[in-house]
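File shown: upload-v3.cif (mmCIF, C-alpha atoms and all ligand atoms).
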```cif
data_final
loop_
_atom_site.label_atom_id
_atom_site.label_comp_id
_atom_site.auth_asym_id
_atom_site.auth_seq_id
_atom_site.Cartn_x
_atom_site.Cartn_y
_atom_site.Cartn_z
CA MET O 154 -13.10 16.93 19.87
CA ARG O 155 -15.59 17.90 22.56
CA GLY O 156 -15.21 17.62 26.31
CA GLY O 157 -11.85 15.88 25.90
CA ARG O 158 -13.14 13.11 23.63
CA ALA O 159 -13.64 12.51 19.91
CA ALA O 160 -17.09 13.75 18.90
CA GLY O 161 -17.15 13.23 15.13
CA VAL O 162 -15.57 14.06 11.80
CA ARG O 163 -15.54 17.34 9.88
CA LEU O 164 -15.16 16.84 6.13
CA ALA O 165 -13.10 19.18 3.91
CA GLY O 166 -16.37 20.73 2.63
CA GLY O 167 -17.37 21.68 6.19
CA GLU O 168 -19.99 18.99 6.77
CA GLU O 169 -19.89 17.58 10.31
CA ILE O 170 -20.73 13.98 11.10
CA LYS O 171 -21.29 13.46 14.80
CA ALA O 172 -20.27 10.09 16.21
CA ARG O 173 -19.82 8.40 19.55
CA VAL O 174 -16.80 6.55 18.20
CA VAL O 175 -14.35 7.68 15.48
CA VAL O 176 -12.26 4.98 13.80
CA SER O 177 -9.44 5.88 11.40
CA ASN O 178 -7.94 3.62 8.75
CA LEU O 179 -5.64 6.38 7.46
CA ASP O 180 -2.04 5.65 8.30
CA VAL O 181 -0.97 6.72 11.76
CA ARG O 182 0.85 9.85 10.54
CA ARG O 183 -2.11 11.11 8.49
CA THR O 184 -4.48 10.27 11.33
CA PHE O 185 -2.71 12.23 14.02
CA LEU O 186 -0.80 14.88 12.06
CA GLU O 187 -3.59 15.78 9.60
CA THR O 188 -6.95 15.11 11.21
CA VAL O 189 -6.53 15.90 14.93
CA ALA O 190 -5.30 19.26 16.23
CA PRO O 191 -1.97 18.82 18.08
CA LYS O 192 -3.32 20.50 21.24
CA HIS O 193 -5.48 17.40 21.84
CA LEU O 194 -2.54 14.97 21.76
CA PRO O 195 0.32 14.37 24.23
CA PRO O 196 3.56 15.87 22.82
CA GLU O 197 5.55 12.65 23.40
CA PHE O 198 2.92 10.69 21.47
CA LEU O 199 3.14 13.18 18.57
CA ALA O 200 6.94 12.87 18.55
CA GLN O 201 6.59 9.09 18.19
CA VAL O 202 4.03 9.48 15.39
CA ARG O 203 6.45 11.74 13.48
CA ARG O 204 9.15 9.08 13.82
CA PHE O 205 6.95 6.30 12.36
CA LYS O 206 8.65 5.16 9.14
CA ILE O 207 6.58 5.10 5.94
CA ARG O 208 9.06 4.93 3.06
CA GLY O 209 7.67 4.01 -0.34
CA SER O 210 9.36 1.09 -2.06
CA SER O 211 7.11 -0.31 -4.76
CA GLY O 212 5.61 0.59 -8.13
CA LYS O 213 2.85 -0.79 -10.29
CA LEU O 214 2.11 -1.29 -13.97
CA ASN O 215 -1.36 -1.90 -15.38
CA ILE O 216 -0.98 -3.30 -18.87
CA ALA O 217 -3.58 -3.80 -21.61
CA LEU O 218 -2.59 -6.73 -23.86
CA ASP O 219 -3.71 -7.66 -27.35
CA GLY O 220 -3.57 -11.36 -26.41
CA LEU O 221 -2.12 -13.80 -23.90
CA PRO O 222 1.70 -13.61 -23.81
CA HIS O 223 3.73 -16.83 -24.03
CA PHE O 224 6.25 -17.77 -21.38
CA PRO O 225 8.57 -20.47 -22.79
CA ALA O 226 9.47 -21.62 -19.26
CA ILE O 227 5.83 -22.52 -18.64
CA PRO O 228 4.43 -25.43 -20.69
CA HIS O 229 1.88 -24.33 -23.29
CA GLY O 230 -1.67 -24.49 -21.89
CA SER O 231 -0.43 -24.86 -18.30
CA PRO O 232 -2.77 -23.43 -15.63
CA CYS O 233 0.32 -21.74 -14.10
CA THR O 234 -0.26 -18.60 -16.18
CA ARG O 235 -3.59 -18.23 -14.34
CA GLY O 236 -1.80 -17.82 -11.03
CA ASP O 237 0.64 -15.32 -9.58
CA MET O 238 3.84 -15.27 -11.66
CA HIS O 239 7.05 -13.90 -10.23
CA VAL O 240 10.39 -12.83 -11.64
CA THR O 241 12.85 -13.35 -8.80
CA ASP O 242 15.79 -15.18 -10.40
CA THR O 243 18.12 -15.42 -7.36
CA ILE O 244 18.46 -14.20 -3.78
CA ASP O 245 21.50 -12.27 -4.98
CA MET O 246 19.38 -10.45 -7.56
CA LEU O 247 16.85 -9.52 -4.87
CA GLU O 248 19.66 -8.17 -2.69
CA ARG O 249 21.01 -6.03 -5.56
CA ALA O 250 17.46 -4.85 -6.34
CA TYR O 251 17.14 -3.65 -2.75
CA ASP O 252 20.60 -2.04 -2.88
CA ASP O 253 19.36 0.10 -5.78
CA TRP O 254 16.41 1.32 -3.69
CA LYS O 255 18.71 2.13 -0.75
CA GLU O 256 20.81 4.23 -3.11
CA GLY O 257 17.77 6.15 -4.37
CA ARG O 258 17.05 4.56 -7.75
CA TRP O 259 14.61 1.97 -9.03
CA SER O 260 15.91 -1.59 -9.24
CA ARG O 261 17.72 -2.21 -12.49
CA ALA O 262 16.76 -5.89 -12.20
CA PRO O 263 13.48 -5.66 -10.28
CA TYR O 264 11.47 -8.29 -8.41
CA ILE O 265 8.19 -8.64 -10.31
CA ASP O 266 4.88 -10.10 -9.20
CA MET O 267 2.41 -10.30 -12.10
CA LEU O 268 -1.09 -11.56 -12.67
CA ILE O 269 -3.33 -11.82 -15.72
CA PRO O 270 -6.73 -11.92 -13.98
CA SER O 271 -8.70 -11.54 -17.23
CA GLN O 272 -8.04 -15.28 -17.73
CA ILE O 273 -10.24 -15.97 -14.70
CA ASP O 274 -12.69 -13.07 -15.20
CA PRO O 275 -13.06 -12.42 -18.95
CA THR O 276 -15.29 -9.39 -18.26
CA MET O 277 -12.11 -7.46 -17.31
CA ALA O 278 -11.07 -7.07 -20.97
CA PRO O 279 -12.68 -7.18 -24.43
CA ASN O 280 -12.88 -10.57 -26.07
CA GLY O 281 -9.40 -11.95 -26.87
CA LYS O 282 -7.63 -9.14 -25.00
CA HIS O 283 -6.09 -9.33 -21.53
CA TYR O 284 -5.29 -7.19 -18.53
CA MET O 285 -2.00 -7.66 -16.66
CA SER O 286 -1.36 -6.33 -13.17
CA VAL O 287 2.35 -5.96 -12.35
CA PHE O 288 3.60 -5.23 -8.86
CA VAL O 289 7.26 -4.13 -8.76
CA GLN O 290 9.94 -3.89 -6.11
CA TYR O 291 11.85 -1.71 -5.59
CA CYS O 292 10.96 1.82 -6.58
CA PRO O 293 11.84 4.76 -4.34
CA TYR O 294 9.59 7.69 -3.51
CA LYS O 295 12.62 10.00 -3.47
CA LEU O 296 15.21 9.62 -6.21
CA ALA O 297 18.88 10.36 -5.54
CA ASP O 298 19.18 12.32 -8.80
CA GLY O 299 16.30 14.76 -8.22
CA GLU O 300 12.54 14.83 -8.69
CA TRP O 301 10.50 12.22 -10.53
CA THR O 302 9.72 13.35 -14.10
CA PRO O 303 7.50 11.75 -16.78
CA GLN O 304 10.71 10.63 -18.53
CA LYS O 305 12.02 8.89 -15.42
CA ARG O 306 8.62 7.28 -14.84
CA GLN O 307 8.73 5.95 -18.40
CA ALA O 308 12.29 4.67 -17.90
CA PHE O 309 11.16 2.84 -14.74
CA GLY O 310 8.27 1.29 -16.74
CA ASP O 311 10.63 0.31 -19.56
CA THR O 312 12.92 -1.46 -17.06
CA VAL O 313 9.96 -3.55 -15.89
CA ILE O 314 8.72 -4.29 -19.41
CA ASP O 315 12.22 -5.30 -20.55
CA THR O 316 12.51 -7.65 -17.55
CA ILE O 317 9.22 -9.39 -18.38
CA ALA O 318 10.16 -9.54 -22.06
CA ARG O 319 13.29 -11.55 -21.14
CA HIS O 320 10.89 -14.32 -20.10
CA SER O 321 8.24 -13.77 -22.80
CA PRO O 322 9.43 -13.07 -26.37
CA ASP O 323 6.03 -11.87 -27.69
CA PHE O 324 5.17 -9.74 -24.64
CA LYS O 325 6.26 -6.35 -26.01
CA ASP O 326 4.40 -6.82 -29.29
CA LEU O 327 1.17 -7.48 -27.39
CA ILE O 328 1.23 -4.28 -25.31
CA LEU O 329 -1.61 -1.91 -26.27
CA HIS O 330 -1.17 0.43 -23.33
CA ALA O 331 0.84 0.54 -20.11
CA GLU O 332 -0.10 2.66 -17.12
CA ILE O 333 3.03 3.21 -15.01
CA ARG O 334 2.72 4.10 -11.35
CA THR O 335 5.61 5.12 -9.10
CA PRO O 336 5.14 5.64 -5.34
CA HIS O 337 4.42 9.29 -6.20
CA GLU O 338 1.33 8.53 -8.26
CA ILE O 339 0.16 5.91 -5.75
CA GLU O 340 0.33 8.56 -3.03
CA ALA O 341 -1.41 11.20 -5.14
CA GLU O 342 -4.17 8.93 -6.47
CA VAL O 343 -4.86 6.56 -3.59
CA GLY O 344 -3.90 8.71 -0.60
CA LEU O 345 -1.27 6.21 0.54
CA THR O 346 1.68 8.06 2.15
CA GLU O 347 4.81 7.61 -0.02
CA GLY O 348 2.87 4.82 -1.78
CA ASN O 349 4.01 2.51 1.03
CA ILE O 350 1.73 -0.46 0.54
CA PHE O 351 1.58 -1.35 4.23
CA GLN O 352 0.82 2.12 5.62
CA GLY O 353 4.21 1.98 7.33
CA GLU O 354 7.22 -0.28 7.14
CA LEU O 355 6.96 -3.79 8.52
CA THR O 356 10.36 -3.60 10.20
CA PHE O 357 11.07 -5.22 13.60
CA ASP O 358 10.89 -1.90 15.40
CA GLN O 359 7.36 -1.33 14.05
CA LEU O 360 5.85 -4.79 14.60
CA LEU O 361 3.67 -6.52 17.23
CA PHE O 362 3.44 -4.48 20.45
CA ASN O 363 5.40 -1.65 18.77
CA ARG O 364 2.88 -1.16 15.94
CA PRO O 365 2.13 1.58 15.22
CA ILE O 366 4.10 2.91 18.20
CA PRO O 367 5.08 1.61 21.63
CA GLY O 368 2.32 2.04 24.19
CA TYR O 369 -0.45 2.39 21.59
CA ALA O 370 -0.66 -1.08 20.07
CA GLN O 371 -4.21 -1.76 21.27
CA TYR O 372 -6.02 0.28 18.57
CA ARG O 373 -6.93 3.05 21.04
CA ALA O 374 -5.82 6.61 20.34
CA PRO O 375 -4.68 8.77 23.26
CA VAL O 376 -8.06 10.55 23.10
CA ARG O 377 -11.21 8.82 24.31
CA GLY O 378 -13.64 7.65 21.64
CA MET O 379 -11.00 7.49 18.91
CA TYR O 380 -9.48 4.32 17.44
CA MET O 381 -7.10 3.15 14.72
CA CYS O 382 -7.98 0.21 12.45
CA GLY O 383 -5.75 0.46 9.34
CA ALA O 384 -2.65 -1.31 8.12
CA SER O 385 -0.47 0.96 10.32
CA THR O 386 -1.70 -1.14 13.25
CA HIS O 387 -0.86 -4.75 14.22
CA PRO O 388 -0.50 -7.07 12.28
CA GLY O 389 -0.01 -4.62 9.40
CA GLY O 390 -0.91 -4.54 5.75
CA GLY O 391 -2.11 -7.43 3.65
CA VAL O 392 -5.47 -8.68 2.48
CA MET O 393 -6.58 -10.26 5.73
CA GLY O 394 -8.55 -7.59 7.60
CA ALA O 395 -6.91 -8.48 10.92
CA PRO O 396 -6.23 -4.88 12.05
CA GLY O 397 -9.91 -4.05 11.45
CA ALA O 398 -11.14 -7.15 13.27
CA ASN O 399 -8.87 -6.47 16.25
CA ALA O 400 -9.92 -2.82 16.35
CA ALA O 401 -13.60 -3.83 16.27
CA SER O 402 -13.16 -6.09 19.31
CA ALA O 403 -11.32 -3.33 21.23
CA ILE O 404 -14.15 -0.90 20.42
CA LEU O 405 -16.90 -3.37 21.39
CA ARG O 406 -15.10 -4.14 24.65
CA ASP O 407 -14.94 -0.41 25.51
CA LEU O 408 -18.59 0.16 24.56
CA ARG O 409 -19.72 -2.79 26.71
CA LEU O 410 -17.62 -1.50 29.60
CA ALA O 411 -19.15 1.97 29.18
CA GLN O 412 -22.65 0.44 29.20
CA SER O 413 -22.04 -1.58 32.34
CA THR O 414 -20.78 1.39 34.37
C1 LIG Z 501 0.27 -1.47 -5.57
C2 LIG Z 501 -0.19 -2.20 -4.33
C3 LIG Z 501 -0.20 -3.59 -4.32
C4 LIG Z 501 -0.60 -4.28 -3.18
N1 LIG Z 501 -0.61 -5.65 -3.23
C5 LIG Z 501 -0.99 -6.35 -2.15
C6 LIG Z 501 -1.02 -7.78 -2.20
O1 LIG Z 501 -0.76 -8.39 -3.23
N2 LIG Z 501 -1.35 -8.45 -1.07
C7 LIG Z 501 -1.65 -7.80 0.09
O2 LIG Z 501 -1.95 -8.47 1.08
N3 LIG Z 501 -1.66 -6.43 0.16
C8 LIG Z 501 -1.34 -5.70 -0.92
N4 LIG Z 501 -1.33 -4.34 -0.86
C9 LIG Z 501 -1.59 -3.73 0.44
C10 LIG Z 501 -3.07 -3.55 0.76
O3 LIG Z 501 -3.69 -2.91 -0.34
C11 LIG Z 501 -3.18 -2.67 2.02
O4 LIG Z 501 -2.54 -3.35 3.09
C12 LIG Z 501 -4.64 -2.41 2.43
O5 LIG Z 501 -5.31 -1.75 1.37
C13 LIG Z 501 -4.69 -1.54 3.66
O6 LIG Z 501 -6.06 -1.30 3.98
P1 LIG Z 501 -6.49 -0.15 4.92
O7 LIG Z 501 -7.99 -0.16 4.98
O8 LIG Z 501 -5.74 -0.27 6.20
O9 LIG Z 501 -5.99 1.21 4.24
P2 LIG Z 501 -6.18 1.85 2.79
O10 LIG Z 501 -6.70 0.86 1.81
O11 LIG Z 501 -4.88 2.54 2.52
O12 LIG Z 501 -7.33 2.93 3.05
C14 LIG Z 501 -7.09 4.24 3.60
C15 LIG Z 501 -8.07 5.22 2.97
O13 LIG Z 501 -7.91 6.50 3.57
C16 LIG Z 501 -8.00 7.51 2.56
N5 LIG Z 501 -7.34 8.75 3.04
C17 LIG Z 501 -6.00 9.02 3.13
N6 LIG Z 501 -5.81 10.26 3.66
C18 LIG Z 501 -7.03 10.78 3.92
C19 LIG Z 501 -7.48 12.03 4.50
N7 LIG Z 501 -6.62 12.97 4.94
N8 LIG Z 501 -8.81 12.22 4.61
C20 LIG Z 501 -9.69 11.26 4.21
N9 LIG Z 501 -9.33 10.06 3.66
C21 LIG Z 501 -8.01 9.83 3.52
C22 LIG Z 501 -7.32 6.88 1.37
O14 LIG Z 501 -7.70 7.52 0.17
C23 LIG Z 501 -7.83 5.42 1.46
O15 LIG Z 501 -9.05 5.26 0.79
C24 LIG Z 501 -0.99 -3.59 -2.00
C25 LIG Z 501 -1.01 -2.18 -2.02
C26 LIG Z 501 -0.61 -1.50 -3.18
C27 LIG Z 501 -0.64 0.02 -3.18
#
```

For this file, write the structure as C-alpha cells.
Amino acid sequence: MRGGRAAGVRLAGGEEIKARVVVSNLDVRRTFLETVAPKHLPPEFLAQVRRFKIRGSSGKLNIALDGLPHFPAIPHGSPCTRGDMHVTDTIDMLERAYDDWKEGRWSRAPYIDMLIPSQIDPTMAPNGKHYMSVFVQYCPYKLADGEWTPQKRQAFGDTVIDTIARHSPDFKDLILHAEIRTPHEIEAEVGLTEGNIFQGELTFDQLLFNRPIPGYAQYRAPVRGMYMCGASTHPGGGVMGAPGANAASAILRDLRLAQST
C-alpha cells in the first residue's frame, strides 16, 4: 500500500513487484486476512470477511489402474465409461451422506463423481493402464472424533473404494495405487482454504450481490487499485472463468475512467 492505494505485491522471499493494479484470486479470507495489513481496511469490512464461510466438504482419490474396470450396469463397449460416472443411488442416500458431514464424519455411503480420462488421452497412463479421478462428497475438514490421521485418511479412501467396487466387481483387483486426499491435504497442497472447492460456500447468503460479502460484490476491494477475481466472487467456483471475466471488465472500466479524468 502506498498513498492509500495498492502499489504492488511483496513475495515471501522479499521481492517486490510494483503494479498499478493488484488482482487477487486467493479466497476472500486469505486475500484480506493474510496479504493486506488490517490497518488499511475498514474494521466492519474485516468483520464481514472473517464471517465468510469456507467449510471443506469434499475429498479426492487419484487411482492408478492395471486395466479398464467393468461396470455390469453399463453395456460392454458402451461410450458411457468415457464420460463422467456418478454413484448417487437415491436422494435419500445423498441426504444421509450430507447428514454424516454435518455430524463431523465422512459419508458412509458417499456421492461419487468419477472419470477415467486416460480413455480419451492415452498419454496419461502407460499402455493398457488407466488413471481414474474420483471426486467425493462429503468429507469434513474437521472430524468430530479428533484430528485426521493417516489411518482415518485410509479408512475414508477404503469407504470410497468399497462403494465403487459395489458397482464394479473387478475394480479392487485392478488398483495399483490410490492417492487419497481429504480437505486437509487439498488445503496443504493446493492452498485452498479447508479444501473448499468453491473458495467459499455457495449458500444463499453468499450468492449474487452478497458474494463475497454485501457491499463488495463488484470485484473492487475497499482499497483503490485492488480487485478480487477468484471463485470467492460472483458467480463462484466452477470451470467457467466468469469471476475473472467480470473482474477484468470492472478493472478496465476503472482504468478507462482514470484515463478520461
Ligand atoms: C478436488 C476438486 C475438484 C473440483 N472439481 C470441479 C469440477 O468438476 N467442476 C468445476 O467447475 N469446478 C471444480 N472444482 C473447482 C475449481 O477447481 C475452482 O472453482 C477453481 O479452481 C477456482 O479458480 P480460482 O482461480 O478462483 O482459484 P484457485 O484455483 O483456488 O487459485 C488460487 C491460487 O492462489 C494460491 N494461493 C493461496 N494462498 C496464497 C497465498 N497466501 N499467497 C500466494 N498464493 C496463494 C493457491 O495456491 C492457488 O494457486 C474442483 C476443485 C477441487 C479442489

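For the pair CA of Leu214 (chain O) and CA of Glu332 (chain O), the separation is 5.5 Å.
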
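Restricting the calculation to all atoms listed in the file, the smallest distance between ligand LIG 501 (chain Z) and any of O:Gly166, O:Gly394, O:Pro365, O:Gly157 is found for O:Gly394.
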
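Atom pair CA of Leu410 (chain O) / CA of Ala370 (chain O) has a distance of 19.5 Å (rounded to one decimal).
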
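Nearest residue to ligand LIG 501 (chain Z), choosing from O:Gly310, O:Gly353, O:Pro196, O:Gly212 and counting all atoms listed in the file: O:Gly212.
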
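Distance annotation: of O:Gln359, O:Ser260, O:Thr243, O:Thr386, the residue with the minimal separation from ligand LIG 501 (chain Z) is O:Thr386; atom set is all atoms listed in the file.
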
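Taking all atoms listed in the file into account, Ile273 (chain O) lies nearest to O:Arg235 out of the set O:Arg155, O:Lys325, O:Arg235, O:His337.
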
Which residues are near Ile328 (chain O)? Cut-off 7 Å, all atoms listed in the file, ignore same chain within fewer than 4 positions. Put them as a tab-separated table (two decimals) with C-alpha atoms, keeping the file's coordinate frame.
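Full text of result-v7.tsv as output:
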```
chain	number	residue	atom	x	y	z
O	216	ILE	CA	-0.98	-3.30	-18.87
O	217	ALA	CA	-3.58	-3.80	-21.61
O	218	LEU	CA	-2.59	-6.73	-23.86
O	219	ASP	CA	-3.71	-7.66	-27.35
O	324	PHE	CA	5.17	-9.74	-24.64
```

Of O:Ala190, O:Leu408, O:Val162, O:Ala384, the one sitting nearest ligand LIG 501 (chain Z) when using all atoms listed in the file is O:Ala384
